[in-house]
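Trainee: Okay, here's the structure, questions in a sec.
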Amino acid sequence: MAPPASLVRTARGLWHCQWRQLMGGLGPADAKGRYRRPAGAFTALPPLPPAAAETGAHVLIVGRSCPWAHRAWLVHSLRQLGGAIELLVVEPDPSAGRWRFPTPFEGCETLAELYRISGGKAGSRATVPALWSRRDRRILVNESARLIELLNRWPSPGGLDLEPEAERTAISGWRERLQGDVNDGVYRCGFARNQSAYDEAEAALFAALDALEVHLGQRRHQGASWLCGSDPSLADVVLFPTLIRLEMVYAPLFGCSRRPLWQLPELWRWRARFHGLEGVANTCFPEAWRADYFGSLFPLHPSGIVPAGPDLATLVNSIPPP
Ligand SMILES: N[C@@H](CCC(=O)N[C@@H](CS)C(=O)NCC(=O)O)C(=O)O
């Protein structure tokens with residue numbers, strides 16, 4: 001027998017109240033209910049450290065599911081920095097809502113402990129990515145937008161430059177739009193506290209994707225494959241972690257589902273092309289993405305049930321589905 005309507009109304013009201021409280025744990029919102037990403041602790045772009053070329057002097061700490069860490073991991077991989085900067089992958093601990101080291105690192109079990117050594121305030125967020133200096137025993141930078149710029153200046157075997165001087169203005173223009181409307185945009189959709197906050201973020205996200213689609217179409221007619229210049233750049237790097245998670249996570253969980261990516265064929269082909277670059281596929285962990293987002297974001301998905309697909313291979317096929 002169905003419960004009485006009054007009971008359903010009360011239960012819904014109570015649950016909504018609790019939901020609003022739980023959402024506060026995911027991140028702050030402004031007075032209009034729009035998600036506002038909190039600022040990190042070590043956000044300034046540091047100079048290239050004197051020991052940059054010294055093997056093992058620096059450690060890049062990343063998590064598999066995090067799109068902000070993914071962009072740093074991509075630069076590390078594309079520029080073949082493995083010989084100079086050690087990569088350390090932390091594991092999520094969904095019950096405690098924090099990152100753990102697979103084995104103790106610098107005497108720490110959790111990333112939060114390492115942040116405290118580095119002077120981070122107790123109770124502040126301990127986020128990935130973070131670049132750790134073994135010599136100074138501190139985090140040099142934990143803001144991915146700055147970190148990828150630093151990693152691009154790091155001495156590398158092939159000397160690949162993802163931010164060439166001639167393209168710098170175009171690259172930073174795209175990066176700025178992508179950061180707000182796309183990279184953070186998907187979170188602004190998923191973490192919106194009300195319909196109008198979601199509507200605003202969702203419109204900005206798909207307007208940016210439409211603009212990218214037009215831009216990539218124009219670039220193709222000019223014989224170019226990437227967002228700026230003749231080679232992949234930091235603009236492409238920051239777009240990829242968001243787009244590769246779109247059908248798997250952001251469409252079903254954050255409501256970024258107005259148009260599936262195959263309806264934006266230029267973007268679809270761009271994504272397949274980027275995934276095909278040497279060093280990109282080994283930064284992709286679809287099982288970890290699904291498990292972490294669907295398993296950890298309790299207020300958005302209380303059941304914790306992890307969906308089965310889609311299969312990554314079907315998303316990076318260079319021919320969009322009919
Ligand atoms: N501003 C940071 C954001 C990084 C960030 O939010 N990372 C998340 C994972 S996707 C994290 O580590 N969160 C842990 C926490 O908030 O305690 C950046 O872009 O580097």
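Residues are named by chain letter and number: chains run A, B, ... in the order of the structure tokens, numbers start at 1 in each chain, and ligands are numbered from 1 in the order shown.
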Please write out the residues within 8 Å of ligand 1 as a list in words, counting only C-alpha atoms and all ligand atoms.
Mentor: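 Within the 8 Å cut-off, the matching residues are Leu26, Arg37, Pro38, Ala39, Gly40, Thr43, Gly63, Ser65, Cys66, Pro67, Trp68, Ala69, Gly97, Arg98, Trp99, Ser124, Arg125, Ala126, Thr127, Val128, Pro129, Ala130, Asn142, Glu143, Ser144, Ala145 and Leu147 of chain A.
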Trainee: Within 12 Å of A:Pro302, counting only C-alpha atoms, which residues qualify if same-chain residues fewer than 4 places away don't, as JSON, numbers by chain?
Mentor: {"A": [15, 19, 22, 23, 253, 293, 294, 295, 296, 297, 298, 306]}
Trainee: Take the residues from that selection and write them out as a PDB file, in the first residue's frame, keeping N, CA and C atoms.
Mentor:
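What landed in again.pdb:
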ATOM      1  N   TRP A  15      14.302  15.142   3.796  1.00  0.00           N
ATOM      2  CA  TRP A  15      15.424  14.692   2.969  1.00  0.00           C
ATOM      3  C   TRP A  15      16.060  15.882   2.253  1.00  0.00           C
ATOM      4  N   TRP A  19      19.783  17.003   2.399  1.00  0.00           N
ATOM      5  CA  TRP A  19      20.543  17.059   1.144  1.00  0.00           C
ATOM      6  C   TRP A  19      21.299  18.376   1.049  1.00  0.00           C
ATOM      7  N   LEU A  22      24.280  18.207   3.236  1.00  0.00           N
ATOM      8  CA  LEU A  22      25.322  17.335   2.683  1.00  0.00           C
ATOM      9  C   LEU A  22      26.028  17.999   1.505  1.00  0.00           C
ATOM     10  N   MET A  23      25.272  18.733   0.695  1.00  0.00           N
ATOM     11  CA  MET A  23      25.875  19.424  -0.454  1.00  0.00           C
ATOM     12  C   MET A  23      26.915  20.446   0.018  1.00  0.00           C
ATOM     13  N   LEU A 253      25.633  11.768 -14.027  1.00  0.00           N
ATOM     14  CA  LEU A 253      25.651  12.144 -12.606  1.00  0.00           C
ATOM     15  C   LEU A 253      25.452  13.645 -12.390  1.00  0.00           C
ATOM     16  N   TYR A 293      33.479   8.629  -8.620  1.00  0.00           N
ATOM     17  CA  TYR A 293      32.391   9.626  -8.683  1.00  0.00           C
ATOM     18  C   TYR A 293      31.084   9.035  -8.142  1.00  0.00           C
ATOM     19  N   PHE A 294      30.694   7.868  -8.655  1.00  0.00           N
ATOM     20  CA  PHE A 294      29.395   7.323  -8.245  1.00  0.00           C
ATOM     21  C   PHE A 294      29.443   6.774  -6.822  1.00  0.00           C
ATOM     22  N   GLY A 295      30.641   6.338  -6.406  1.00  0.00           N
ATOM     23  CA  GLY A 295      30.755   5.762  -5.067  1.00  0.00           C
ATOM     24  C   GLY A 295      30.978   6.802  -3.984  1.00  0.00           C
ATOM     25  N   SER A 296      31.553   7.960  -4.359  1.00  0.00           N
ATOM     26  CA  SER A 296      31.963   8.920  -3.312  1.00  0.00           C
ATOM     27  C   SER A 296      31.018  10.098  -3.137  1.00  0.00           C
ATOM     28  N   LEU A 297      30.320  10.480  -4.205  1.00  0.00           N
ATOM     29  CA  LEU A 297      29.518  11.712  -4.115  1.00  0.00           C
ATOM     30  C   LEU A 297      28.131  11.377  -3.574  1.00  0.00           C
ATOM     31  N   PHE A 298      28.100  11.022  -2.310  1.00  0.00           N
ATOM     32  CA  PHE A 298      26.885  10.515  -1.679  1.00  0.00           C
ATOM     33  C   PHE A 298      25.651  11.405  -1.890  1.00  0.00           C
ATOM     34  N   VAL A 306      27.429   1.710  -8.897  1.00  0.00           N
ATOM     35  CA  VAL A 306      28.320   2.174  -9.964  1.00  0.00           C
ATOM     36  C   VAL A 306      27.813   1.635 -11.304  1.00  0.00           C
TER      37      VAL A 306
END
Trainee: Separation of atom CA of A:Trp154 and atom CA of A:Glu91, in Å?
Mentor: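 Distance between the two atoms: 26.2 Å.
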Trainee: Show me a table, sorted first by chain and then by increasing residue number, of the residues of stretch 159-246 of chain A having an atom at most 8 Å from stretch 254-276 of chain A, each with its shortest atom pair and the distance in Å to one decimal, counting only C-alpha atoms and written as a Markdown table.
Mentor:
| residue | atom | partner | partner_atom | distance |
| --- | --- | --- | --- | --- |
| A:Val186 | CA | A:Phe254 | CA | 6.7 |
| A:Tyr187 | CA | A:Phe254 | CA | 7.1 |
| A:Cys189 | CA | A:Phe254 | CA | 5.9 |
| A:Gly190 | CA | A:Phe254 | CA | 3.8 |
| A:Phe191 | CA | A:Phe254 | CA | 7.5 |
| A:Glu202 | CA | A:Cys256 | CA | 6.7 |
| A:Phe206 | CA | A:Arg258 | CA | 7.8 |
| A:Asp210 | CA | A:Leu264 | CA | 7.7 |
| A:Leu212 | CA | A:Leu267 | CA | 7.3 |
| A:Glu213 | CA | A:Glu266 | CA | 5.6 |
| A:Leu216 | CA | A:Glu266 | CA | 6.0 |
| A:Gly217 | CA | A:Glu266 | CA | 6.2 |
| A:Ser225 | CA | A:Trp270 | CA | 7.3 |
| A:Trp226 | CA | A:Trp270 | CA | 7.4 |
| A:Asp236 | CA | A:Phe274 | CA | 7.9 |
| A:Phe240 | CA | A:Arg271 | CA | 6.8 |
| A:Leu243 | CA | A:Arg271 | CA | 7.3 |
| A:Ile244 | CA | A:Arg271 | CA | 7.2 |
| A:Leu246 | CA | A:Cys256 | CA | 7.5 |
Trainee: Please give the complete set of residues from stretch 135-223 of chain A that DSSP, run on the backbone, assigns to strand (DSSP E), formatted as JSON, numbers by chain.
Mentor: {"A": [138, 139, 140, 141]}
Trainee: Using N, CA, C and O atoms, can you write the selected residues to a file as a PDB file, in the first residue's frame?
Mentor:
ATOM      1  N   ARG A 138      58.036  20.274   1.272  1.00  0.00           N
ATOM      2  CA  ARG A 138      56.818  21.081   1.193  1.00  0.00           C
ATOM      3  C   ARG A 138      56.209  20.970  -0.200  1.00  0.00           C
ATOM      4  O   ARG A 138      56.882  20.573  -1.163  1.00  0.00           O
ATOM      5  N   ILE A 139      54.924  21.358  -0.247  1.00  0.00           N
ATOM      6  CA  ILE A 139      54.215  21.394  -1.529  1.00  0.00           C
ATOM      7  C   ILE A 139      54.587  22.691  -2.235  1.00  0.00           C
ATOM      8  O   ILE A 139      54.472  23.777  -1.652  1.00  0.00           O
ATOM      9  N   LEU A 140      55.054  22.581  -3.477  1.00  0.00           N
ATOM     10  CA  LEU A 140      55.448  23.787  -4.217  1.00  0.00           C
ATOM     11  C   LEU A 140      54.226  24.462  -4.818  1.00  0.00           C
ATOM     12  O   LEU A 140      54.132  25.678  -4.846  1.00  0.00           O
ATOM     13  N   VAL A 141      53.294  23.653  -5.331  1.00  0.00           N
ATOM     14  CA  VAL A 141      52.084  24.215  -5.937  1.00  0.00           C
ATOM     15  C   VAL A 141      51.010  23.125  -5.986  1.00  0.00           C
ATOM     16  O   VAL A 141      51.319  21.945  -6.205  1.00  0.00           O
TER      17      VAL A 141
END
Trainee: Quote the spacing between atom CA of A:Val90 and atom CA of A:Val280 in Å to one decimal place.
Mentor: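 Between atom CA of A:Val90 and atom CA of A:Val280 the gap is 19.1 Å.
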Trainee: Would you mind telling me which residue in A:Ala41, A:Leu150, A:Leu312, A:Ile85 lies nearest to A:Gly56 when using only C-alpha atoms?
Mentor: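 The answer is A:Ile85, which sits nearest to A:Gly56.
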Trainee: Can you list, as JSON, numbers by chain, every protein, DNA or RNA residue that comes within 10 Å of A:Glu54 when you count only C-alpha atoms, leaving out same-chain residues fewer than 5 positions away?
Mentor: {"A": [49, 83, 84, 85]}
Trainee: Please write the residues from the selection above to a file, keeping all heavy atoms, as an mmCIF file, in the first residue's frame.
Mentor:
data_model
loop_
_atom_site.group_PDB
_atom_site.id
_atom_site.type_symbol
_atom_site.label_atom_id
_atom_site.label_comp_id
_atom_site.auth_asym_id
_atom_site.auth_seq_id
_atom_site.Cartn_x
_atom_site.Cartn_y
_atom_site.Cartn_z
ATOM 1 N N PRO A 49 62.347 25.008 -9.847
ATOM 2 C CA PRO A 49 63.295 24.759 -8.748
ATOM 3 C C PRO A 49 64.699 24.462 -9.271
ATOM 4 O O PRO A 49 64.846 23.860 -10.331
ATOM 5 C CB PRO A 49 62.716 23.524 -8.045
ATOM 6 C CG PRO A 49 61.397 23.270 -8.658
ATOM 7 C CD PRO A 49 61.301 23.999 -9.947
ATOM 8 N N GLY A 83 61.402 10.494 -15.769
ATOM 9 C CA GLY A 83 62.786 10.355 -15.304
ATOM 10 C C GLY A 83 63.151 11.402 -14.261
ATOM 11 O O GLY A 83 64.012 11.180 -13.412
ATOM 12 N N ALA A 84 62.481 12.553 -14.297
ATOM 13 C CA ALA A 84 62.834 13.653 -13.377
ATOM 14 C C ALA A 84 61.868 13.736 -12.211
ATOM 15 O O ALA A 84 62.273 13.950 -11.069
ATOM 16 C CB ALA A 84 62.830 14.969 -14.145
ATOM 17 N N ILE A 85 60.577 13.575 -12.489
ATOM 18 C CA ILE A 85 59.560 13.761 -11.440
ATOM 19 C C ILE A 85 58.852 12.429 -11.196
ATOM 20 O O ILE A 85 58.225 11.878 -12.101
ATOM 21 C CB ILE A 85 58.519 14.824 -11.856
ATOM 22 C CG1 ILE A 85 59.196 16.146 -12.210
ATOM 23 C CG2 ILE A 85 57.473 15.014 -10.768
ATOM 24 C CD1 ILE A 85 58.237 17.216 -12.699
#
Trainee: Could you give me, as a ChimeraX atom specification, each residue of stretch 104-240 of chain A that DSSP assigns to helix (DSSP H, G or I) when run on this structure's backbone?
Mentor: /A:111-117,144-153,165-183,185-190,195-221,234-240
Trainee: Next, the residues of the selection above should be written as an mmCIF file, in the first residue's frame with C-alpha atoms.
Mentor:
data_model
loop_
_atom_site.group_PDB
_atom_site.id
_atom_site.type_symbol
_atom_site.label_atom_id
_atom_site.label_comp_id
_atom_site.auth_asym_id
_atom_site.auth_seq_id
_atom_site.Cartn_x
_atom_site.Cartn_y
_atom_site.Cartn_z
ATOM 1 C CA LEU A 111 47.456 13.461 1.975
ATOM 2 C CA ALA A 112 45.980 15.676 4.702
ATOM 3 C CA GLU A 113 48.956 14.819 6.961
ATOM 4 C CA LEU A 114 51.382 15.771 4.181
ATOM 5 C CA TYR A 115 49.553 19.083 3.735
ATOM 6 C CA ARG A 116 50.030 19.765 7.444
ATOM 7 C CA ILE A 117 53.813 19.190 7.149
ATOM 8 C CA SER A 144 46.534 22.561 -11.511
ATOM 9 C CA ALA A 145 46.280 25.621 -13.782
ATOM 10 C CA ARG A 146 49.681 26.814 -12.492
ATOM 11 C CA LEU A 147 51.139 23.342 -12.078
ATOM 12 C CA ILE A 148 50.748 22.508 -15.779
ATOM 13 C CA GLU A 149 52.525 25.755 -16.668
ATOM 14 C CA LEU A 150 55.399 24.813 -14.355
ATOM 15 C CA LEU A 151 55.559 21.251 -15.719
ATOM 16 C CA ASN A 152 55.654 22.650 -19.242
ATOM 17 C CA ARG A 153 58.828 24.578 -18.308
ATOM 18 C CA GLU A 165 55.230 31.824 -27.559
ATOM 19 C CA ALA A 166 53.445 32.422 -30.881
ATOM 20 C CA GLU A 167 50.234 30.775 -29.612
ATOM 21 C CA ARG A 168 50.321 32.010 -26.014
ATOM 22 C CA THR A 169 47.468 34.515 -26.333
ATOM 23 C CA ALA A 170 45.165 32.063 -28.130
ATOM 24 C CA ILE A 171 46.011 29.289 -25.651
ATOM 25 C CA SER A 172 45.332 31.425 -22.593
ATOM 26 C CA GLY A 173 42.077 32.706 -24.141
ATOM 27 C CA TRP A 174 40.754 29.163 -24.575
ATOM 28 C CA ARG A 175 42.083 28.045 -21.217
ATOM 29 C CA GLU A 176 40.279 30.837 -19.443
ATOM 30 C CA ARG A 177 36.934 30.011 -21.048
ATOM 31 C CA LEU A 178 37.368 26.264 -20.577
ATOM 32 C CA GLN A 179 38.345 26.588 -16.916
ATOM 33 C CA GLY A 180 35.095 28.340 -15.951
ATOM 34 C CA ASP A 181 32.501 27.105 -18.415
ATOM 35 C CA VAL A 182 33.707 23.565 -19.087
ATOM 36 C CA ASN A 183 36.198 22.208 -16.508
ATOM 37 C CA GLY A 185 31.279 24.115 -15.567
ATOM 38 C CA VAL A 186 30.411 20.429 -15.214
ATOM 39 C CA TYR A 187 30.824 20.760 -11.420
ATOM 40 C CA ARG A 188 28.672 23.915 -11.446
ATOM 41 C CA CYS A 189 25.950 21.775 -13.060
ATOM 42 C CA GLY A 190 26.363 18.814 -10.721
ATOM 43 C CA GLN A 195 17.231 24.690 -10.895
ATOM 44 C CA SER A 196 18.258 28.204 -11.955
ATOM 45 C CA ALA A 197 21.863 27.695 -10.776
ATOM 46 C CA TYR A 198 21.938 24.476 -12.809
ATOM 47 C CA ASP A 199 20.295 26.136 -15.863
ATOM 48 C CA GLU A 200 22.893 28.906 -15.888
ATOM 49 C CA ALA A 201 25.854 26.516 -15.630
ATOM 50 C CA GLU A 202 24.421 24.068 -18.147
ATOM 51 C CA ALA A 203 23.767 26.815 -20.724
ATOM 52 C CA ALA A 204 27.339 28.122 -20.345
ATOM 53 C CA LEU A 205 28.751 24.592 -20.669
ATOM 54 C CA PHE A 206 26.926 23.763 -23.894
ATOM 55 C CA ALA A 207 27.520 27.248 -25.345
ATOM 56 C CA ALA A 208 31.249 26.634 -24.833
ATOM 57 C CA LEU A 209 31.029 23.150 -26.384
ATOM 58 C CA ASP A 210 29.139 24.610 -29.369
ATOM 59 C CA ALA A 211 31.807 27.308 -29.733
ATOM 60 C CA LEU A 212 34.514 24.628 -29.633
ATOM 61 C CA GLU A 213 32.659 22.639 -32.287
ATOM 62 C CA VAL A 214 32.545 25.651 -34.627
ATOM 63 C CA HIS A 215 36.185 26.515 -33.890
ATOM 64 C CA LEU A 216 37.416 22.971 -34.562
ATOM 65 C CA GLY A 217 35.401 22.876 -37.822
ATOM 66 C CA GLN A 218 37.080 26.100 -38.965
ATOM 67 C CA ARG A 219 40.469 24.757 -37.918
ATOM 68 C CA ARG A 220 39.888 21.581 -39.931
ATOM 69 C CA HIS A 221 39.194 23.633 -43.054
ATOM 70 C CA LEU A 234 47.851 23.300 -22.887
ATOM 71 C CA ALA A 235 44.426 24.319 -24.250
ATOM 72 C CA ASP A 236 43.902 20.763 -25.587
ATOM 73 C CA VAL A 237 45.351 19.311 -22.379
ATOM 74 C CA VAL A 238 42.773 21.017 -20.168
ATOM 75 C CA LEU A 239 39.832 20.114 -22.405
ATOM 76 C CA PHE A 240 40.545 16.383 -22.518
#
Trainee: What is the distance, in Å and to one decimal place, between atom CA of A:Gly158 and atom CA of A:Gly82?
Mentor: 12.3 Å
Trainee: Can you list, as a PDB file with N, CA and C atoms, in the first residue's frame, every protein, DNA or RNA residue that comes within 8 Å of A:Ala192 when you count only C-alpha atoms, leaving out same-chain residues fewer than 6 positions away?
Mentor:
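Output (out-v6.pdb):
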ATOM      1  N   ALA A  29      28.394  27.321  -1.876  1.00  0.00           N
ATOM      2  CA  ALA A  29      27.559  27.916  -2.929  1.00  0.00           C
ATOM      3  C   ALA A  29      27.352  29.386  -2.580  1.00  0.00           C
ATOM      4  N   GLY A  33      22.734  29.957  -4.930  1.00  0.00           N
ATOM      5  CA  GLY A  33      22.819  28.496  -5.025  1.00  0.00           C
ATOM      6  C   GLY A  33      23.800  27.993  -6.066  1.00  0.00           C
ATOM      7  N   ARG A  34      24.654  28.896  -6.579  1.00  0.00           N
ATOM      8  CA  ARG A  34      25.641  28.482  -7.585  1.00  0.00           C
ATOM      9  C   ARG A  34      26.893  27.978  -6.895  1.00  0.00           C
ATOM     10  N   TYR A  35      27.387  26.826  -7.337  1.00  0.00           N
ATOM     11  CA  TYR A  35      28.600  26.253  -6.747  1.00  0.00           C
ATOM     12  C   TYR A  35      29.782  27.197  -6.944  1.00  0.00           C
ATOM     13  N   TYR A 198      21.604  25.528 -11.834  1.00  0.00           N
ATOM     14  CA  TYR A 198      21.938  24.476 -12.809  1.00  0.00           C
ATOM     15  C   TYR A 198      21.754  25.001 -14.233  1.00  0.00           C
TER      16      TYR A 198
END
Trainee: Which is closest to A:Gly24 among A:Ser303, A:Gly229, A:Arg193, A:Thr314, if we use only C-alpha atoms?
Mentor: A:Arg193
Trainee: I'd like to know which of A:Asp311, A:Gly304, A:Leu227, A:Leu162 is closest to A:Met248, using only C-alpha atoms.
Mentor: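 Result for the nearest residue to A:Met248: A:Asp311.
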Trainee: Which residue out of A:Gly123, A:Gly13, A:Gly223, A:Pro310 has the minimum interatomic distance to A:Glu247 when only C-alpha atoms are used?
Mentor: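 Of A:Gly123, A:Gly13, A:Gly223, A:Pro310, the one nearest A:Glu247, counting only C-alpha atoms, is A:Pro310.
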Trainee: Which one is closest to A:Arg64: A:Leu88, A:Ala251, A:Ala52, A:Leu277? Count only C-alpha atoms.
Mentor: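 So, comparing all the options, the nearest one is A:Leu88.
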